[in-house]
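Participant: Input file: final-v8.cif. Contents: mmCIF, C-alpha atoms and all ligand atoms.
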```cif
data_data
loop_
_atom_site.label_atom_id
_atom_site.label_comp_id
_atom_site.auth_asym_id
_atom_site.auth_seq_id
_atom_site.Cartn_x
_atom_site.Cartn_y
_atom_site.Cartn_z
CA MET G 1 73.66 123.35 90.36
CA GLY G 2 77.21 122.54 89.26
CA LYS G 3 76.45 118.82 89.42
CA VAL G 4 73.27 119.18 87.34
CA LEU G 5 75.12 121.19 84.71
CA ASP G 6 77.95 118.62 84.72
CA LEU G 7 75.44 115.85 84.03
CA ALA G 8 73.67 117.83 81.30
CA LEU G 9 77.00 118.37 79.55
CA HIS G 10 77.84 114.66 79.70
CA PRO G 11 74.79 112.79 78.36
CA LEU G 12 76.35 109.33 78.71
CA GLU G 13 76.95 109.99 82.39
CA LEU G 14 73.43 111.35 82.78
CA ARG G 15 72.19 108.08 81.31
CA ALA G 16 74.33 106.14 83.81
CA ALA G 17 73.07 108.24 86.74
CA LEU G 18 69.41 107.68 85.76
CA LYS G 19 69.98 103.96 85.21
CA LEU G 20 71.67 103.58 88.57
CA LYS G 21 68.94 105.48 90.39
CA PHE G 22 65.81 104.14 88.72
CA ILE G 23 66.49 100.94 86.80
CA ARG G 24 69.18 98.84 88.45
CA GLN G 25 67.90 96.37 91.06
CA PRO G 26 70.07 95.39 94.05
CA LEU G 27 71.34 91.79 94.03
CA PHE G 28 69.78 90.96 97.40
CA SER G 29 66.89 92.23 99.50
CA THR G 30 67.97 94.56 102.32
CA ASN G 31 64.94 93.96 104.56
CA ASP G 32 67.00 91.95 107.06
CA THR G 33 69.07 95.04 107.90
CA ARG G 34 66.08 96.20 109.95
CA ALA G 35 65.63 92.90 111.81
CA THR G 36 66.17 94.40 115.29
CA PRO G 37 66.34 98.01 116.57
CA GLN G 38 70.02 97.45 117.47
CA LEU G 39 70.91 96.28 113.97
CA GLU G 40 68.93 99.08 112.43
CA ARG G 41 70.82 101.58 114.61
CA CYS G 42 74.14 100.11 113.42
CA TYR G 43 73.12 100.72 109.80
CA GLU G 44 72.09 104.26 110.73
CA LEU G 45 75.55 104.80 112.25
CA LEU G 46 77.08 103.46 109.05
CA ASN G 47 75.05 105.95 107.01
CA LEU G 48 76.01 108.80 109.33
CA THR G 49 79.73 108.12 108.94
CA SER G 50 79.93 107.32 105.24
CA ARG G 51 77.09 107.43 102.74
CA SER G 52 79.18 105.98 99.93
CA PHE G 53 80.47 103.05 102.01
CA ALA G 54 76.98 102.43 103.35
CA ALA G 55 75.69 102.16 99.78
CA VAL G 56 78.25 99.54 98.72
CA ILE G 57 77.95 97.58 101.97
CA MET G 58 74.13 97.45 101.60
CA GLU G 59 74.63 95.71 98.24
CA LEU G 60 76.59 92.83 99.78
CA HIS G 61 75.52 89.19 100.06
CA PRO G 62 73.63 88.71 103.39
CA GLU G 63 76.31 86.24 104.53
CA LEU G 64 78.87 89.06 104.69
CA ARG G 65 76.77 92.24 104.90
CA ASN G 66 76.55 92.53 108.70
CA VAL G 67 80.11 91.28 109.11
CA ILE G 68 81.56 94.00 106.90
CA MET G 69 79.23 96.64 108.36
CA VAL G 70 80.48 95.82 111.90
CA PHE G 71 84.10 95.63 110.68
CA TYR G 72 83.74 99.07 109.06
CA LEU G 73 82.19 100.66 112.18
CA ILE G 74 84.90 99.26 114.47
CA LEU G 75 87.68 100.59 112.23
CA ARG G 76 85.82 103.92 111.92
CA ALA G 77 85.70 104.10 115.75
CA LEU G 78 89.45 103.39 115.92
CA ASP G 79 90.17 106.08 113.33
CA THR G 80 87.96 108.60 115.15
CA VAL G 81 90.16 108.18 118.23
CA GLU G 82 93.34 108.42 116.15
CA ASP G 83 92.30 111.53 114.19
CA ASP G 84 91.08 113.59 117.16
CA MET G 85 93.86 116.01 118.06
CA THR G 86 92.08 117.14 121.25
CA ILE G 87 92.66 113.77 122.98
CA ASP G 88 95.73 113.63 125.22
CA PRO G 89 98.35 111.55 123.32
CA GLN G 90 99.00 109.28 126.31
CA LEU G 91 95.33 108.42 126.65
CA LYS G 92 95.01 108.05 122.90
CA VAL G 93 97.87 105.55 122.68
CA LYS G 94 96.37 103.53 125.55
CA VAL G 95 92.90 103.42 123.96
CA LEU G 96 94.33 102.45 120.55
CA ARG G 97 96.51 99.66 121.98
CA GLU G 98 93.68 98.22 124.07
CA PHE G 99 90.99 98.58 121.44
CA ASP G 100 90.94 94.93 120.33
CA SER G 101 90.51 93.73 123.95
CA LYS G 102 87.42 95.97 124.29
CA LEU G 103 85.78 93.76 121.68
CA ASP G 104 85.53 91.04 124.35
CA THR G 105 83.27 93.27 126.45
CA THR G 106 79.60 94.05 125.87
CA ASP G 107 79.41 97.57 127.28
CA TRP G 108 82.63 99.49 126.52
CA SER G 109 82.19 103.00 125.16
CA PHE G 110 84.33 106.14 124.88
CA ASP G 111 83.21 109.68 125.54
CA GLY G 112 86.55 111.48 125.24
CA ASN G 113 86.21 112.87 121.73
CA ASP G 114 85.82 116.56 120.95
CA LEU G 115 82.11 117.47 120.98
CA LYS G 116 82.51 118.86 117.46
CA GLU G 117 83.75 115.48 116.14
CA LYS G 118 80.90 114.29 113.92
CA ASP G 119 81.76 110.57 114.17
CA ARG G 120 82.01 110.55 117.99
CA VAL G 121 78.59 108.85 118.13
CA VAL G 122 80.22 105.61 116.89
CA LEU G 123 82.24 105.58 120.12
CA THR G 124 79.54 106.76 122.53
CA GLU G 125 77.16 104.14 121.12
CA PHE G 126 79.83 101.43 120.85
CA PRO G 127 77.83 98.86 122.93
CA CYS G 128 75.32 98.75 120.07
CA ILE G 129 78.14 97.74 117.66
CA LEU G 130 79.49 95.25 120.24
CA GLY G 131 76.05 93.65 120.44
CA GLU G 132 76.07 92.95 116.71
CA TYR G 133 79.75 91.94 116.74
CA HIS G 134 79.02 89.16 119.27
CA LYS G 135 76.26 87.80 117.04
CA LEU G 136 78.69 87.16 114.16
CA LYS G 137 80.14 83.69 113.52
CA PRO G 138 83.23 83.19 115.76
CA GLU G 139 85.56 82.86 112.72
CA TYR G 140 84.44 86.28 111.46
CA GLN G 141 84.84 87.83 114.93
CA LYS G 142 88.39 86.46 115.06
CA VAL G 143 89.36 88.21 111.80
CA ILE G 144 87.88 91.53 112.92
CA LYS G 145 89.64 91.33 116.29
CA ARG G 146 92.99 90.43 114.72
CA ILE G 147 92.93 93.36 112.29
CA THR G 148 91.70 95.79 114.98
CA GLY G 149 94.65 94.76 117.17
CA LEU G 150 97.20 95.21 114.40
CA MET G 151 95.77 98.52 113.24
CA GLY G 152 95.35 100.01 116.73
CA ASN G 153 98.96 99.17 117.60
CA GLY G 154 100.20 100.45 114.23
CA MET G 155 98.41 103.76 114.80
CA ALA G 156 99.86 104.03 118.31
CA ASP G 157 103.37 103.38 116.96
CA TYR G 158 102.99 106.26 114.49
CA ILE G 159 101.80 108.63 117.22
CA LEU G 160 104.94 107.83 119.22
CA ASP G 161 107.26 108.01 116.19
CA GLU G 162 108.82 111.46 116.58
CA ASN G 163 110.75 111.34 113.33
CA PHE G 164 107.55 110.56 111.41
CA ASN G 165 105.65 113.33 113.16
CA LEU G 166 108.37 115.90 112.61
CA ASN G 167 109.60 115.00 109.13
CA GLY G 168 106.80 112.98 107.53
CA VAL G 169 107.26 109.92 105.34
CA GLN G 170 110.89 109.45 104.33
CA THR G 171 111.58 106.54 101.99
CA VAL G 172 109.32 104.68 99.55
CA THR G 173 109.58 101.69 101.93
CA ASP G 174 108.22 103.91 104.74
CA TYR G 175 105.45 105.06 102.39
CA ASP G 176 104.44 101.43 101.71
CA LYS G 177 104.61 100.67 105.43
CA TYR G 178 102.39 103.61 106.36
CA CYS G 179 99.87 102.59 103.67
CA HIS G 180 100.01 99.02 105.02
CA TYR G 181 98.75 100.15 108.43
CA VAL G 182 95.99 102.38 107.17
CA ALA G 183 94.81 100.35 104.14
CA GLY G 184 96.77 97.14 103.57
CA LEU G 185 95.43 95.66 106.82
CA VAL G 186 91.86 96.34 105.70
CA GLY G 187 92.61 94.38 102.53
CA ASP G 188 94.00 91.56 104.66
CA GLY G 189 90.85 91.33 106.81
CA LEU G 190 88.38 91.65 103.94
CA THR G 191 90.21 88.99 101.94
CA GLU G 192 90.16 86.52 104.81
CA LEU G 193 86.43 87.20 105.31
CA ILE G 194 85.68 86.70 101.60
CA VAL G 195 87.60 83.41 101.52
CA LEU G 196 86.00 82.18 104.79
CA ALA G 197 82.59 82.85 103.25
CA GLY G 198 83.61 80.75 100.23
CA PHE G 199 83.24 83.73 97.88
CA GLY G 200 86.75 83.71 96.44
CA SER G 201 89.29 81.07 95.48
CA ASP G 202 91.19 79.67 98.46
CA ASP G 203 94.58 80.80 97.14
CA LEU G 204 93.40 84.41 97.39
CA TYR G 205 94.19 84.28 101.10
CA HIS G 206 96.32 81.16 101.45
CA GLY G 207 98.34 81.21 98.22
CA LYS G 208 102.04 82.02 98.12
CA ASN G 209 101.51 85.48 96.55
CA SER G 210 98.32 86.33 98.39
CA PHE G 211 99.92 88.86 100.76
CA GLN G 212 101.24 90.89 97.83
CA LEU G 213 97.86 90.77 96.08
CA TYR G 214 95.64 91.96 98.92
CA GLU G 215 98.29 94.42 100.07
CA SER G 216 98.23 95.98 96.61
CA MET G 217 94.44 96.33 96.74
CA GLY G 218 94.80 98.57 99.81
CA LEU G 219 97.95 100.37 98.71
CA PHE G 220 96.58 101.30 95.29
CA LEU G 221 93.58 103.02 96.94
CA GLN G 222 95.57 104.69 99.70
CA LYS G 223 98.33 106.02 97.43
CA THR G 224 95.71 107.49 95.09
CA ASN G 225 94.12 109.35 98.03
CA ILE G 226 97.50 110.54 99.28
CA ILE G 227 98.45 112.02 95.89
CA ARG G 228 95.03 113.64 95.48
CA ASP G 229 94.94 115.10 99.01
CA TYR G 230 98.25 117.04 98.78
CA ALA G 231 96.66 120.52 99.15
CA GLU G 232 94.12 119.52 101.80
CA ASP G 233 96.69 117.64 103.90
CA LEU G 234 99.15 120.51 103.69
CA ASP G 235 96.44 122.90 104.92
CA ASP G 236 96.07 120.54 107.91
CA GLY G 237 99.82 120.75 108.47
CA ARG G 238 100.70 117.24 107.29
CA SER G 239 101.66 115.32 104.18
CA PHE G 240 102.22 111.69 103.27
CA TRP G 241 104.18 112.15 100.04
CA PRO G 242 107.49 110.27 100.52
CA LYS G 243 110.59 112.45 100.66
CA GLU G 244 112.58 109.96 98.59
CA ILE G 245 110.37 110.94 95.62
CA TRP G 246 109.51 114.62 96.22
CA SER G 247 113.10 115.58 97.09
CA GLU G 248 114.00 114.90 93.44
CA TYR G 249 111.84 117.92 92.56
CA ALA G 250 112.00 120.32 95.54
CA THR G 251 113.90 121.10 98.71
CA LYS G 252 110.73 121.59 100.77
CA LEU G 253 107.39 119.89 100.18
CA THR G 254 105.61 123.26 100.41
CA ASP G 255 107.73 124.59 97.49
CA PHE G 256 105.22 123.13 95.01
CA ARG G 257 102.65 125.67 96.16
CA ASP G 258 104.73 128.49 94.69
CA PRO G 259 103.49 129.06 91.09
CA LYS G 260 107.06 129.20 89.79
CA ASN G 261 107.52 125.55 90.89
CA THR G 262 104.32 124.25 89.31
CA GLN G 263 106.12 122.25 86.62
CA LYS G 264 108.31 120.54 89.23
CA GLY G 265 105.17 119.78 91.23
CA VAL G 266 103.49 118.20 88.21
CA ASP G 267 106.60 116.10 87.51
CA CYS G 268 106.43 114.90 91.12
CA ILE G 269 102.72 114.04 90.84
CA ASN G 270 103.42 112.00 87.70
CA HIS G 271 106.25 110.18 89.51
CA LEU G 272 103.88 109.30 92.37
CA VAL G 273 101.25 108.11 89.88
CA LEU G 274 103.91 105.89 88.28
CA ASN G 275 104.65 104.44 91.73
CA ALA G 276 100.93 103.72 92.30
CA LEU G 277 100.65 102.00 88.92
CA THR G 278 103.07 99.29 90.10
CA HIS G 279 100.09 97.80 91.98
CA VAL G 280 97.74 97.47 89.00
CA ILE G 281 98.75 93.95 87.88
CA ASP G 282 98.15 92.66 91.43
CA VAL G 283 94.77 94.41 91.54
CA LEU G 284 93.64 92.79 88.28
CA THR G 285 94.88 89.38 89.47
CA TYR G 286 93.02 89.79 92.74
CA LEU G 287 89.75 90.73 91.05
CA SER G 288 90.04 87.67 88.78
CA SER G 289 89.97 85.46 91.90
CA ILE G 290 86.62 86.60 93.31
CA HIS G 291 83.58 84.58 92.34
CA GLU G 292 80.57 85.76 94.30
CA GLN G 293 79.07 88.72 92.45
CA SER G 294 78.36 91.20 95.27
CA SER G 295 81.84 90.68 96.76
CA PHE G 296 83.32 91.22 93.30
CA GLN G 297 81.49 94.55 92.95
CA PHE G 298 82.39 95.54 96.51
CA CYS G 299 86.09 95.06 95.71
CA ALA G 300 85.99 96.38 92.14
CA ILE G 301 84.16 99.70 92.63
CA PRO G 302 86.85 101.40 94.79
CA GLN G 303 89.59 100.16 92.42
CA VAL G 304 88.00 101.53 89.23
CA MET G 305 87.30 104.79 91.04
CA ALA G 306 90.97 104.90 92.03
CA ILE G 307 92.26 104.49 88.47
CA ALA G 308 89.82 107.20 87.30
CA THR G 309 91.06 109.48 90.10
CA LEU G 310 94.70 108.76 89.23
CA ALA G 311 94.01 109.78 85.64
CA LYS G 312 92.37 112.95 86.95
CA VAL G 313 95.35 113.93 89.13
CA PHE G 314 97.90 112.86 86.52
CA ASN G 315 99.76 115.81 84.97
CA ASN G 316 97.28 118.12 86.70
CA PRO G 317 98.66 121.29 88.36
CA GLU G 318 95.33 121.89 90.13
CA VAL G 319 96.25 119.12 92.59
CA LEU G 320 98.85 121.47 94.06
CA ARG G 321 96.18 124.00 94.99
CA LYS G 322 92.94 122.13 95.62
CA ASN G 323 91.26 118.77 96.01
CA VAL G 324 90.33 117.45 92.55
CA LYS G 325 87.52 114.93 92.25
CA ILE G 326 85.99 112.78 89.55
CA ARG G 327 82.49 113.82 88.46
CA LYS G 328 79.45 112.23 90.13
CA GLY G 329 78.24 111.01 86.75
CA THR G 330 81.60 109.32 86.10
CA THR G 331 81.18 107.46 89.39
CA CYS G 332 77.74 106.17 88.29
CA ASP G 333 79.18 105.05 84.99
CA LEU G 334 82.05 103.25 86.77
CA ILE G 335 79.67 101.49 89.18
CA LEU G 336 77.54 100.19 86.33
CA ASN G 337 80.44 99.09 84.13
CA SER G 338 82.61 97.42 86.76
CA ARG G 339 80.22 94.52 87.35
CA THR G 340 82.19 92.19 85.09
CA LEU G 341 85.93 91.49 85.06
CA LYS G 342 86.04 92.49 81.38
CA GLY G 343 84.28 95.75 82.26
CA CYS G 344 86.86 96.50 84.98
CA VAL G 345 89.79 95.72 82.70
CA ASP G 346 88.32 97.97 79.98
CA ILE G 347 88.07 100.81 82.50
CA PHE G 348 91.70 100.35 83.56
CA GLN G 349 92.83 100.20 79.95
CA TYR G 350 90.85 103.33 79.05
CA TYR G 351 92.45 105.44 81.79
CA LEU G 352 95.95 104.01 81.27
CA ARG G 353 95.83 104.89 77.56
CA ASP G 354 94.44 108.32 78.42
CA MET G 355 97.40 109.00 80.76
CA LYS G 356 99.92 107.65 78.28
CA GLN G 357 98.53 109.95 75.60
CA ARG G 358 98.79 113.00 77.83
CA LEU G 359 102.29 112.23 79.16
CA PRO G 360 104.57 115.03 77.93
CA VAL G 361 107.75 113.84 76.24
CA GLU G 362 109.78 116.13 78.56
CA ASP G 363 108.53 114.30 81.66
CA PRO G 364 111.59 113.01 83.61
CA ASN G 365 109.91 109.60 83.93
CA TYR G 366 108.64 109.42 80.34
CA LEU G 367 110.38 106.15 79.53
CA LYS G 368 109.65 104.44 82.87
CA PHE G 369 106.00 105.46 82.64
CA ASN G 370 105.64 104.01 79.15
CA ILE G 371 107.32 100.78 80.24
CA GLN G 372 104.96 100.43 83.22
CA VAL G 373 101.88 100.97 81.05
CA ALA G 374 103.24 98.49 78.48
CA LYS G 375 103.77 95.89 81.24
CA ILE G 376 100.14 96.22 82.30
CA GLU G 377 98.94 96.07 78.67
CA GLN G 378 100.98 92.90 78.16
CA PHE G 379 99.47 91.39 81.29
CA ILE G 380 95.93 92.22 80.10
CA GLU G 381 96.76 90.57 76.77
CA GLU G 382 97.78 87.42 78.67
CA MET G 383 94.61 87.53 80.79
CA PHE G 384 92.23 87.19 77.85
CA GLN G 385 94.35 86.11 74.83
CA ASP G 386 91.43 86.95 72.56
CA ASN G 387 93.48 88.49 69.73
CA LEU G 388 95.40 85.37 68.73
CA PRO G 389 95.84 84.54 65.03
CA ALA G 390 93.59 81.75 63.68
CA GLY G 391 94.74 78.30 64.73
CA VAL G 392 96.88 79.50 67.64
CA GLU G 393 95.75 78.09 70.99
CA PRO G 394 95.88 80.33 74.10
CA ARG G 395 98.72 79.59 76.50
CA GLU G 396 97.21 78.22 79.69
CA THR G 397 99.08 80.42 82.15
CA MET G 398 97.97 80.89 85.78
CA ILE G 399 96.21 84.19 85.08
CA TYR G 400 94.58 82.94 81.87
CA LEU G 401 93.00 80.00 83.73
CA LYS G 402 91.89 82.26 86.58
CA VAL G 403 90.24 84.65 84.13
CA GLN G 404 88.47 81.77 82.36
CA GLU G 405 87.00 80.76 85.71
CA ARG G 406 85.86 84.32 86.49
CA LEU G 407 84.33 84.74 83.00
CA LYS G 408 81.83 81.99 83.86
CA TRP G 409 80.49 84.32 86.57
CA ASP G 410 80.62 87.32 84.25
CA THR G 411 78.26 85.58 81.81
CA GLN G 412 75.60 85.49 84.54
CA VAL G 413 75.78 89.27 84.88
CA ILE G 414 75.44 90.08 81.17
CA PRO G 415 71.67 89.23 80.82
CA ARG G 416 70.99 91.47 83.84
CA VAL G 417 72.81 94.38 82.15
CA GLN G 418 70.94 93.79 78.87
CA GLU G 419 67.60 93.77 80.68
CA GLU G 420 68.46 97.11 82.31
CA ASP G 421 69.31 98.59 78.91
CA TYR G 422 66.00 97.36 77.53
CA LYS G 423 64.02 98.80 80.46
CA PHE G 424 65.88 102.08 80.25
CA ASN G 425 65.21 102.46 76.53
CA MET G 426 61.53 101.63 77.05
CA ALA G 427 61.23 104.20 79.83
CA LEU G 428 63.01 106.77 77.67
CA SER G 429 60.61 106.14 74.75
CA VAL G 430 57.59 106.54 77.05
CA VAL G 431 58.91 109.83 78.45
CA PHE G 432 59.68 111.04 74.93
CA CYS G 433 56.19 110.14 73.63
CA VAL G 434 54.50 111.89 76.57
CA LEU G 435 56.57 115.03 75.97
CA LEU G 436 55.84 114.99 72.25
CA SER G 437 52.09 114.54 72.72
CA PHE G 438 52.09 117.28 75.34
CA TYR G 439 53.82 119.57 72.84
CA PHE G 440 51.33 118.83 70.01
CA PHE G 441 48.23 119.15 72.17
CA THR G 442 49.24 122.42 73.73
CA LYS G 443 50.45 124.00 70.51
MG MG Z 501 93.25 108.40 110.67
#
```
Rewrite the structure from the file as structure tokens, please.
Facilitator:
Amino acid sequence: MGKVLDLALHPLELRAALKLKFIRQPLFSTNDTRATPQLERCYELLNLTSRSFAAVIMELHPELRNVIMVFYLILRALDTVEDDMTIDPQLKVKVLREFDSKLDTTDWSFDGNDLKEKDRVVLTEFPCILGEYHKLKPEYQKVIKRITGLMGNGMADYILDENFNLNGVQTVTDYDKYCHYVAGLVGDGLTELIVLAGFGSDDLYHGKNSFQLYESMGLFLQKTNIIRDYAEDLDDGRSFWPKEIWSEYATKLTDFRDPKNTQKGVDCINHLVLNALTHVIDVLTYLSSIHEQSSFQFCAIPQVMAIATLAKVFNNPEVLRKNVKIRKGTTCDLILNSRTLKGCVDIFQYYLRDMKQRLPVEDPNYLKFNIQVAKIEQFIEEMFQDNLPAGVEPRETMIYLKVQERLKWDTQVIPRVQEEDYKFNMALSVVFCVLLSFYFFTK
């Protein structure tokens, strides 16, 4: 009921939700996801573990759809072993370290998870995933295996790291390193897959700054989740906020839960948001380098949702007590409007300006925050250079040229969006006429 009321109170979001559900057509047919019972079962497993990921993966170009579905399920299986506290640590470390070698088999499965673990089915039915994995092109298999190996070993290292387990994340460098293992590596694998498929410019994976770019894609998402999940993580007896930052505001991380420390807690949240914003320029650069439309949307949707979530947690004391979320209708709106690079940049700009406006002048990081937002605004100006005085030619910088290239792809999306608007307005008029005639005839 809450969701329905939310939508009714936000008519633009209601419009977006209806458009997404009834009007928008997927870019590619999804019939081939039911080609064999084994493949169909893999997609069912994907749906069981994450409905939202399943939805975005289904939208992908057929060249990459099965690849990313299999990649996701393998990493989900790895994470289900890592997260299960009922598994003996020694066994867990062994399974995690050997996980990539299991990809060479056809029948490996694992039945050691707690029976209450809802994702355990991914491990008990692992041969089904292996079957599809072996059907992928060898170059795709190689990427998946490489990332699985790195992530499994990274997870095992953290389980054995007593200092981490006892005291949590210490420095900002440790924070970045932790996020690298849980999210940066995913960015690495996905980027290599996108470039191998020929869906992004070659320098996205092989350029001299590429590591920083795809690392930022993962870190921006992960840091947003870590800030948002403070209350939930603390309830589970853990936290990933780095001590180097929170110790400026409290002596113990749990201090923020005490209402008399709320202001300190909010200052700390804003500091963490500032830290996450250092990745935004990389994120926008990365998105400018993707050409194929479904891969662009696949990468862009989580990023625009992250900036909307950051704005939601920013300066928000509720984060200290519960898990705050963006509205469902906002998500629909973000999905529809992030299909072009310009649309994504507008979303980022909207939320950055919103945060800047709400930043209290007493905030300890007031100046630094304003400088960071200004840096991003300056970068966006350079990306498009569409406000130049008459007669002044744009400077052909690296990002400007990249954006020009991406805009060619954007122009192919615009007619599609206009057609949806037209169809939606027609449908709305029909519904309105039917209601009106019903009213007059029954009066
Ligand atoms: Mg985990």
Participant: Find the distance between CA of Pro242 in chain G and CA of Ala183 in chain G and write it in Å to one decimal.
Facilitator: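 Between CA of Pro242 in chain G and CA of Ala183 in chain G the gap works out to 16.5 Å.
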Participant: Neighbours of Lys116 in chain G within 12 Å (all atoms listed in the file; same-chain residues fewer than 3 positions away dropped), as a list in words?
Facilitator: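 Listing them by chain and then by number gives Thr80, Asp84, Met85, Thr86, Gly112, Asn113, Asp119, Arg120 and Val121 of chain G.
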Participant: In terms of the shortest atom-to-atom distance over only C-alpha atoms, which of G:Leu341, G:Ile281, G:Leu14, G:Cys299 is closest to Phe379 in chain G?
Facilitator: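 That would be G:Ile281, the residue with the smallest distance to Phe379 in chain G.
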Participant: Could you make a table, as a tab-separated table, of the residues of chain G that have an atom within 6 Å of an atom of ligand MG 501 (chain Z), each with its nearest atom pair and distance in Å to one decimal, counting only C-alpha atoms and all ligand atoms, in chain and number order?
Facilitator:
```
residue	atom	partner	partner_atom	distance
G:Asp79	CA	Z:MG501	MG	4.7
G:Glu82	CA	Z:MG501	MG	5.5
G:Asp83	CA	Z:MG501	MG	4.8
```
Participant: For Gly184 in chain G, which of G:Ser216, G:Asn66, G:Ser289, G:Asn323 is the closest residue, counting all atoms listed in the file?
Facilitator: G:Ser216
Participant: Please provide as a ChimeraX atom specification all residues within 12 Å of Phe71 in chain G, with the sequence filter that same-chain residues fewer than 5 positions apart are discarded (counting all atoms listed in the file).
Facilitator: /G:42,46,53,57,64-66,76-78,100,103,129-130,132-134,136,140-148,185-187,189-190,193
Participant: Give as a list in words the set of residues within 10 Å of the point (66.4, 99.4, 106.1), where distances use the file's coordinates and only C-alpha atoms.
Facilitator: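 It turns out the residues near that spot are Ser29, Thr30, Asn31, Asp32, Thr33, Arg34, Ala35, Leu39, Glu40, Arg41, Tyr43, Glu44 and Met58 of chain G.
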Participant: Compile the contact shell of range 237-240 of chain G as a PyMOL selection string: residues with an atom at most 7 Å away, counting all atoms listed in the file, same-chain residues fewer than 5 positions apart removed.
Facilitator: chain G and resi 168-169+226+230
Participant: Take range 31-36 of chain G, bring it up to all heavy atoms, and give me the output as an mmCIF file, in the frame of the given file.
Facilitator:
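Everything below was put into selection04.cif:
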```cif
data_model
loop_
_atom_site.group_PDB
_atom_site.id
_atom_site.type_symbol
_atom_site.label_atom_id
_atom_site.label_comp_id
_atom_site.auth_asym_id
_atom_site.auth_seq_id
_atom_site.Cartn_x
_atom_site.Cartn_y
_atom_site.Cartn_z
ATOM 1 N N ASN G 31 65.905 93.914 103.439
ATOM 2 C CA ASN G 31 64.940 93.960 104.560
ATOM 3 C C ASN G 31 65.543 93.497 105.876
ATOM 4 O O ASN G 31 65.200 94.018 106.933
ATOM 5 C CB ASN G 31 63.723 93.060 104.243
ATOM 6 C CG ASN G 31 62.878 93.686 103.144
ATOM 7 O OD1 ASN G 31 62.999 94.884 102.891
ATOM 8 N ND2 ASN G 31 62.054 92.883 102.494
ATOM 9 N N ASP G 32 66.451 92.495 105.812
ATOM 10 C CA ASP G 32 67.000 91.950 107.060
ATOM 11 C C ASP G 32 67.913 92.932 107.794
ATOM 12 O O ASP G 32 68.292 92.684 108.933
ATOM 13 C CB ASP G 32 67.721 90.612 106.812
ATOM 14 C CG ASP G 32 68.713 90.699 105.673
ATOM 15 O OD1 ASP G 32 68.612 91.650 104.882
ATOM 16 O OD2 ASP G 32 69.601 89.825 105.591
ATOM 17 N N THR G 33 68.248 94.062 107.173
ATOM 18 C CA THR G 33 69.070 95.040 107.900
ATOM 19 C C THR G 33 68.250 95.778 108.957
ATOM 20 O O THR G 33 68.789 96.541 109.744
ATOM 21 C CB THR G 33 69.694 96.083 106.941
ATOM 22 O OG1 THR G 33 68.627 96.753 106.259
ATOM 23 C CG2 THR G 33 70.614 95.440 105.936
ATOM 24 N N ARG G 34 66.931 95.560 108.939
ATOM 25 C CA ARG G 34 66.080 96.200 109.950
ATOM 26 C C ARG G 34 65.492 95.171 110.915
ATOM 27 O O ARG G 34 64.480 95.415 111.557
ATOM 28 C CB ARG G 34 64.944 96.968 109.247
ATOM 29 C CG ARG G 34 65.459 98.159 108.440
ATOM 30 C CD ARG G 34 64.321 98.996 107.882
ATOM 31 N NE ARG G 34 63.595 98.281 106.840
ATOM 32 C CZ ARG G 34 63.927 98.315 105.542
ATOM 33 N NH1 ARG G 34 64.952 99.029 105.145
ATOM 34 N NH2 ARG G 34 63.235 97.636 104.648
ATOM 35 N N ALA G 35 66.166 94.010 111.012
ATOM 36 C CA ALA G 35 65.630 92.900 111.810
ATOM 37 C C ALA G 35 65.413 93.256 113.282
ATOM 38 O O ALA G 35 64.419 92.851 113.881
ATOM 39 C CB ALA G 35 66.548 91.685 111.694
ATOM 40 N N THR G 36 66.335 93.981 113.881
ATOM 41 C CA THR G 36 66.170 94.400 115.290
ATOM 42 C C THR G 36 66.521 95.888 115.381
ATOM 43 O O THR G 36 67.263 96.398 114.533
ATOM 44 C CB THR G 36 67.151 93.642 116.219
ATOM 45 O OG1 THR G 36 68.494 94.007 115.834
ATOM 46 C CG2 THR G 36 67.007 92.134 116.136
#
```
